[in-house]
Structures are given as structure tokens and as C-alpha cells.
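These notes concern the structure reproduced below.
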Amino acid sequence: MFLLYSNENYIAKKANEIINNYKNSNREKLKKKFELFHLLVFLEKANLKNLKIIPNEPGDFIIKNENEKYVIEVTSVFGNKDENIKMKSILNKIFGVSEESKNENEISFDNEVMKKIFLKKITEKEKKDYISSQKATKSFLLIVTGEFNNCSITGSWFLKFLRKEELLFKKSFDKVWILDYFASGKDNGPIIIKDFYNEFIEYKNIYSKK
């Protein structure tokens, strides 16, 4: 599993409670539960609590905090089709969803493939207008990823293998959040980045001239 200490079942239960009244097909509800699971993990790791979360479209969720309203878009970058199937298998197990075949193998990916998907997802999401359509205060993009074959001490794969010029123009969201599963050497739990653009530039300025 994700080794989220003792909180995996609690997070899944909370996601079920929020999504169960979501008026859509069972398939869409399950997809929404997976997205919400990732969002709840991020919020817990970021110590952001007592927020009202509402399923939404366009923009996967609305978060309300006092008088402010934020729209959150969630997207995953796990590589090719087979890798996505493996991640869904892990989530199915957490939510108690039966499946015909299960693949417990580790997710492996090619850095160039991941980079292309990462940039493609950001570009696609930034073409949409989440603020005015939802009358929201701010918009956030949560990118969910995971890595097995990288040393997190030297930086996550997207910090190391993306170049400055590939991201400098992409700043439509108020913040881009990152949830990176399996990156923590301590327990294979997730790490988070609350401000991806700033952390990316800082990393490149320190470790690279690219």
C-alpha cells in the first residue's frame, strides 16, 4: 500500500462519505473517490484541516475556507497505460473494489515518457478557465505522481529532469501542488510540494544551470 501510517482506511472512509451523494455513474463516482483520496492525502500532509470539500465540475473539487472558495483540479502522472493500471489496482484494494486481475508489481517508468506526460497535463489544464466559471477566489492544480527508481534525497524526478524553459511560461494556476508517492525513503510514504514552480526554480538555481 502507500504506507500512510495508520490513516489509509480513515482517508478512504472520508472520501466515500463525501462522494457517495455525488450524482453520477458508479464509474465516475469511483474515479472521483480516487481523486479525492489523493487530495485528502495532500491536505493531511500539508496540515490543512477543517475545510469543506465539494465534488465539482469543471474543476474536480471546490474547497471552502471561511469566505474564500478555491477550485481544485486533480490529475495523475504515472506513465503509460500499464503503470496506470497498477496504480488503480492499489487504489482498488484500499477502497475494497474487486477486480479480475491484480498486479502488485512496482510501477516503473521512463523519465522522458513521464516528462512528456507531465508537461502535456499541465498545458491541457492551463487552457481551461476554472476561476470565472466557478466564481472562485483561486485555482490550484494537484499533480499526483510516484517514483520507485529515484533517490529522493537528490530531488524528485520532475525536479531533476525538467528544464527551466519547459515550465517558465506555465503559470496560469495560483499554485501547482505535487503529491509524490513512494518518494520518502523513511517509509515509502508520500512527500508533497506546496508551490511547485518556486521549488522547481530554486532547485534548478542550486543544482543545475539548465
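By order in the C-alpha cells, chains are A, B, ...; within a chain, residues start at 1; ligands start at 1, following the order shown.
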
Exercise for the section: For Asp60 in chain A, work out the shell of residues within 12 Å, counting only C-alpha atoms and skipping chain neighbours fewer than 3 positions away, then give it as a PyMOL selection string. Expected result: chain A and resi 19+22+28-29+31-36+38-39+53-57+63+70-75+125+130+134+139-142
